[in-house]
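Raw input_10.txt, compact mmCIF, C-alpha atoms:
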# COMPACT_ATOMS: atom_id res chain seq x y z
CA MET A 292 118.58 112.22 68.77
CA LYS A 293 119.16 112.83 72.46
CA GLU A 294 122.67 111.33 72.28
CA TYR A 295 123.58 113.64 69.40
CA LEU A 296 122.40 116.70 71.32
CA ILE A 297 124.44 115.69 74.35
CA THR A 298 127.52 115.13 72.18
CA LEU A 299 127.00 118.43 70.37
CA THR A 300 126.57 120.27 73.67
CA PHE A 301 129.75 118.67 75.02
CA LEU A 302 131.72 119.60 71.90
CA LEU A 303 130.47 123.17 72.05
CA ALA A 304 131.48 123.41 75.71
CA VAL A 305 134.95 122.07 74.91
CA ALA A 306 135.32 124.50 72.02
CA LEU A 307 134.29 127.44 74.16
CA PHE A 308 136.22 126.68 77.34
CA ALA A 309 139.28 124.63 76.34
CA VAL A 310 140.94 127.44 74.41
CA PRO A 311 144.03 128.72 76.24
CA ALA A 312 143.88 132.32 77.42
CA THR A 313 145.77 134.72 75.18
CA ALA A 314 145.84 138.43 74.62
CA ALA A 315 142.57 139.47 73.04
CA ILE A 316 142.77 140.30 69.34
CA VAL A 317 141.13 143.58 68.48
CA SER A 318 140.77 144.22 64.76
CA ASP A 319 141.00 147.72 63.35
CA PHE A 320 142.01 149.34 60.09
CA THR A 321 142.53 152.67 58.40
CA TYR A 322 142.37 153.59 54.73
CA THR A 323 143.62 156.18 52.27
CA VAL A 324 142.37 157.07 48.81
CA ASP A 325 144.74 156.56 45.90
CA PRO A 326 145.41 160.06 44.51
CA SER A 327 145.32 158.83 40.89
CA ASP A 328 142.04 156.85 41.22
CA PRO A 329 139.42 157.79 43.85
CA LEU A 330 137.81 154.32 43.60
CA THR A 331 141.10 152.67 44.67
CA ILE A 332 141.54 152.47 48.43
CA HIS A 333 144.68 151.42 50.34
CA PHE A 334 143.75 149.63 53.58
CA THR A 335 146.14 149.42 56.54
CA GLU A 336 145.54 146.81 59.23
CA LYS A 337 145.87 148.22 62.77
CA SER A 338 144.91 145.17 64.85
CA THR A 339 146.29 144.55 68.32
CA GLY A 340 146.70 141.32 70.28
CA GLY A 341 148.97 139.33 67.99
CA ALA A 342 146.92 138.66 64.87
CA SER A 343 148.74 136.59 62.22
CA ASN A 344 146.02 136.06 59.61
CA TRP A 345 143.62 138.49 57.95
CA PHE A 346 140.55 138.13 55.78
CA TRP A 347 139.05 141.17 54.07
CA MET A 348 135.58 141.47 52.50
CA PHE A 349 134.80 144.55 50.43
CA ASN A 350 131.17 143.69 49.55
CA ASP A 351 131.26 144.96 46.01
CA GLY A 352 130.62 141.77 44.09
CA GLY A 353 132.59 139.06 45.82
CA ALA A 354 136.06 140.60 46.09
CA VAL A 355 138.04 139.33 49.09
CA SER A 356 141.69 139.41 50.20
CA ASN A 357 143.89 137.65 52.75
CA GLU A 358 146.66 140.24 52.55
CA ARG A 359 147.58 142.15 55.68
CA ASN A 360 147.33 145.56 53.96
CA PRO A 361 145.36 145.18 50.73
CA THR A 362 144.64 147.72 48.03
CA HIS A 363 141.19 147.41 46.49
CA THR A 364 139.56 149.15 43.53
CA PHE A 365 135.80 149.35 44.06
CA SER A 366 133.52 148.59 41.14
CA GLY A 367 131.85 152.00 41.32
CA GLU A 368 130.59 154.73 43.57
CA GLY A 369 128.39 153.53 46.42
CA THR A 370 128.20 152.49 50.04
CA TYR A 371 130.10 149.35 51.01
CA LEU A 372 130.40 147.47 54.31
CA VAL A 373 134.13 146.65 54.47
CA SER A 374 135.13 143.94 56.98
CA CYS A 375 138.56 142.96 58.27
CA VAL A 376 138.77 139.70 60.23
CA ALA A 377 141.99 139.42 62.25
CA GLN A 378 142.83 135.90 63.47
CA SER A 379 145.43 134.30 65.70
CA SER A 380 148.06 132.05 64.11
CA ASP A 381 146.15 128.90 65.13
CA TYR A 382 142.74 130.39 64.13
CA SER A 383 141.40 129.87 67.66
CA GLU A 384 140.65 133.55 68.17
CA GLU A 385 139.36 136.21 65.84
CA ASN A 386 137.89 139.68 65.86
CA THR A 387 136.08 141.54 63.08
CA MET A 388 136.04 145.27 62.40
CA ARG A 389 133.38 146.55 60.01
CA LYS A 390 133.22 150.02 58.54
CA GLN A 391 130.50 151.30 56.25
CA LEU A 392 132.27 153.42 53.66
CA THR A 393 130.68 155.64 51.05
CA ILE A 394 133.00 155.74 48.04
CA THR A 395 132.59 158.66 45.60
CA LEU A 396 134.80 160.32 43.03
CA GLY A 397 135.18 163.11 45.59
CA GLY A 398 136.55 160.85 48.34
CA VAL A 399 135.54 158.40 51.06
CA THR A 400 133.19 158.95 53.98
CA ASP A 401 133.11 156.59 56.97
CA ASP A 402 129.37 156.38 57.71
CA SER A 403 129.68 154.06 60.69
CA GLY A 404 132.60 154.90 62.91
CA GLY A 405 133.38 151.16 62.82
CA SER A 406 131.72 148.17 64.39
CA GLY A 407 133.49 145.17 65.89
CA SER A 408 132.71 141.62 66.94
CA SER A 409 134.84 138.79 68.21
CA SER A 410 134.94 135.08 68.87
CA GLY A 411 137.20 132.44 70.32
CA GLY A 412 139.58 132.44 73.27
CA SER A 413 139.18 135.22 75.76
CA SER A 414 138.67 137.80 73.07
CA SER A 415 136.62 140.89 73.61
CA ASN A 416 135.66 143.87 71.54
CA GLY A 417 138.24 145.95 73.34
CA GLY A 418 138.23 149.44 71.91
CA ASN A 419 135.97 148.77 68.96
CA SER A 420 133.07 151.12 69.17
CA GLY A 421 130.73 153.18 67.11
CA GLY A 422 127.57 152.67 65.14
CA GLY A 423 127.75 150.34 62.20
CA ILE A 424 125.43 147.55 61.34
CA SER A 425 124.86 144.95 64.01
CA LEU A 426 122.19 142.38 64.68
CA PRO A 427 120.71 142.45 68.18
CA ASP A 428 119.76 139.40 70.18
CA ILE A 429 116.16 138.37 69.58
CA SER A 430 113.76 138.35 72.52
CA LEU A 431 110.56 136.31 72.39
CA GLY A 432 108.36 136.55 75.45
CA GLY A 433 111.28 136.81 77.86
CA ILE A 434 113.38 134.19 76.06
CA SER A 435 116.53 135.66 74.55
CA ILE A 436 117.87 134.08 71.36
CA PRO A 437 121.47 135.05 70.44
CA ASN A 438 122.31 137.02 67.34
CA PRO A 439 122.22 134.58 64.38
CA MET A 440 125.74 135.62 63.33
CA ASP A 441 127.05 134.67 66.80
CA ILE A 442 125.45 131.22 66.45
CA ILE A 443 127.08 130.76 63.02
CA GLY A 444 130.43 131.78 64.52
CA GLU A 445 130.07 129.14 67.24
CA TYR A 446 129.32 126.45 64.66
CA ILE A 447 132.40 127.48 62.69
CA LYS A 448 134.51 127.09 65.83
CA LEU A 449 132.94 123.67 66.43
CA ILE A 450 133.78 122.57 62.91
CA ARG A 451 137.37 123.77 63.41
CA VAL A 452 137.63 121.62 66.55
CA MET A 453 136.26 118.59 64.73
CA ILE A 454 138.51 119.04 61.70
CA ILE A 455 141.72 120.40 63.23
CA PRO A 456 141.67 119.63 66.98
CA SER A 457 145.32 120.69 67.38
CA ASN A 458 144.19 124.29 66.76
CA TYR A 459 142.57 124.21 70.19
CA ASN A 460 145.23 122.26 72.10
CA ILE A 461 142.64 119.72 73.21

The structure in this file should be written as structure tokens.
Amino acid sequence: MKEYLITLTFLLAVALFAVPATAAIVSDFTYTVDPSDPLTIHFTEKSTGGASNWFWMFNDGGAVSNERNPTHTFSGEGTYLVSCVAQSSDYSEENTMRKQLTITLGGVTDDSGGSGSSSGGSSSNGGNSGGGISLPDISLGGISIPNPMDIIGEYIKLIRVMIIPSNYNI
């Protein structure tokens, strides 16, 4: 067991520090309501830093898209957490922008102001700001445990290194 932990720690260190420095990707997007159908929203990607791949989640029953500027018709009125993940061409860096949108027949309201997170390379949140939904680090008696979503993101990067090492120029 000890050998596996040492190997896992080494692989995590390589994944975190062996990525070449690039311009930080900062994901952002805007949206407009389709004039003929208020449940149909046209999203426009506004990321900076050289993103080449996008993954959208609309959180209305499993609908996703990998288009740069998707159009999505929501299943009904309600509040949805829309996420746009912008990734570098080699998938070594990514940044996520989340906006909580309330969709009604009268229009769209952005309830969050946007919330961003990032991983890989030398990425940072850059200009992403605002409320939104985020999970804080957990503190137990002076011991800080990272946000569970950050831990999952690190495992995903580790798997990418193990499966496609050329993505990280190792």

Exercise. Of the candidates A:Ser356, A:Ser327, A:Ser338, A:Thr321, which one gets nearest to Thr387 (chain A) if we count only C-alpha atoms?
Worked result: A:Ser338

For this session: Write out as a VMD selection string the residues lying within 9 Å of region 362-378 of chain A, counting only C-alpha atoms and excluding same-chain residues fewer than 4 positions away.
Result: chain A and resid 316 to 320 328 to 336 338 341 to 352 354 356 358 382 to 396 402 409 423 to 424

Write to file, as a tab-separated table (two decimals), in the frame of the given file, the residues of the selection just made, with C-alpha atoms.
chain	number	residue	atom	x	y	z
A	316	ILE	CA	142.77	140.30	69.34
A	317	VAL	CA	141.13	143.58	68.48
A	318	SER	CA	140.77	144.22	64.76
A	319	ASP	CA	141.00	147.72	63.35
A	320	PHE	CA	142.01	149.34	60.09
A	328	ASP	CA	142.04	156.85	41.22
A	329	PRO	CA	139.42	157.79	43.85
A	330	LEU	CA	137.81	154.32	43.60
A	331	THR	CA	141.10	152.67	44.67
A	332	ILE	CA	141.54	152.47	48.43
A	333	HIS	CA	144.68	151.42	50.34
A	334	PHE	CA	143.75	149.63	53.58
A	335	THR	CA	146.14	149.42	56.54
A	336	GLU	CA	145.54	146.81	59.23
A	338	SER	CA	144.91	145.17	64.85
A	341	GLY	CA	148.97	139.33	67.99
A	342	ALA	CA	146.92	138.66	64.87
A	343	SER	CA	148.74	136.59	62.22
A	344	ASN	CA	146.02	136.06	59.61
A	345	TRP	CA	143.62	138.49	57.95
A	346	PHE	CA	140.55	138.13	55.78
A	347	TRP	CA	139.05	141.17	54.07
A	348	MET	CA	135.58	141.47	52.50
A	349	PHE	CA	134.80	144.55	50.43
A	350	ASN	CA	131.17	143.69	49.55
A	351	ASP	CA	131.26	144.96	46.01
A	352	GLY	CA	130.62	141.77	44.09
A	354	ALA	CA	136.06	140.60	46.09
A	356	SER	CA	141.69	139.41	50.20
A	358	GLU	CA	146.66	140.24	52.55
A	382	TYR	CA	142.74	130.39	64.13
A	383	SER	CA	141.40	129.87	67.66
A	384	GLU	CA	140.65	133.55	68.17
A	385	GLU	CA	139.36	136.21	65.84
A	386	ASN	CA	137.89	139.68	65.86
A	387	THR	CA	136.08	141.54	63.08
A	388	MET	CA	136.04	145.27	62.40
A	389	ARG	CA	133.38	146.55	60.01
A	390	LYS	CA	133.22	150.02	58.54
A	391	GLN	CA	130.50	151.30	56.25
A	392	LEU	CA	132.27	153.42	53.66
A	393	THR	CA	130.68	155.64	51.05
A	394	ILE	CA	133.00	155.74	48.04
A	395	THR	CA	132.59	158.66	45.60
A	396	LEU	CA	134.80	160.32	43.03
A	402	ASP	CA	129.37	156.38	57.71
A	409	SER	CA	134.84	138.79	68.21
A	423	GLY	CA	127.75	150.34	62.20
A	424	ILE	CA	125.43	147.55	61.34

Problem set entry | Point-to-point distance in Å for CA of Ser379 (chain A) and CA of Lys337 (chain A) |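 The value is 14.2 Å.
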
Exercise. What is the CA of Ile450 (chain A)-CA of Val355 (chain A) distance in Å, reported with one decimal?
Worked result: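 Calculated distance between CA of Ile450 (chain A) and CA of Val355 (chain A) is 22.1 Å.
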
Exercise. What is the distance between CA of Pro361 (chain A) and CA of Tyr322 (chain A), in Å to one decimal?
Worked result: 9.8 Å
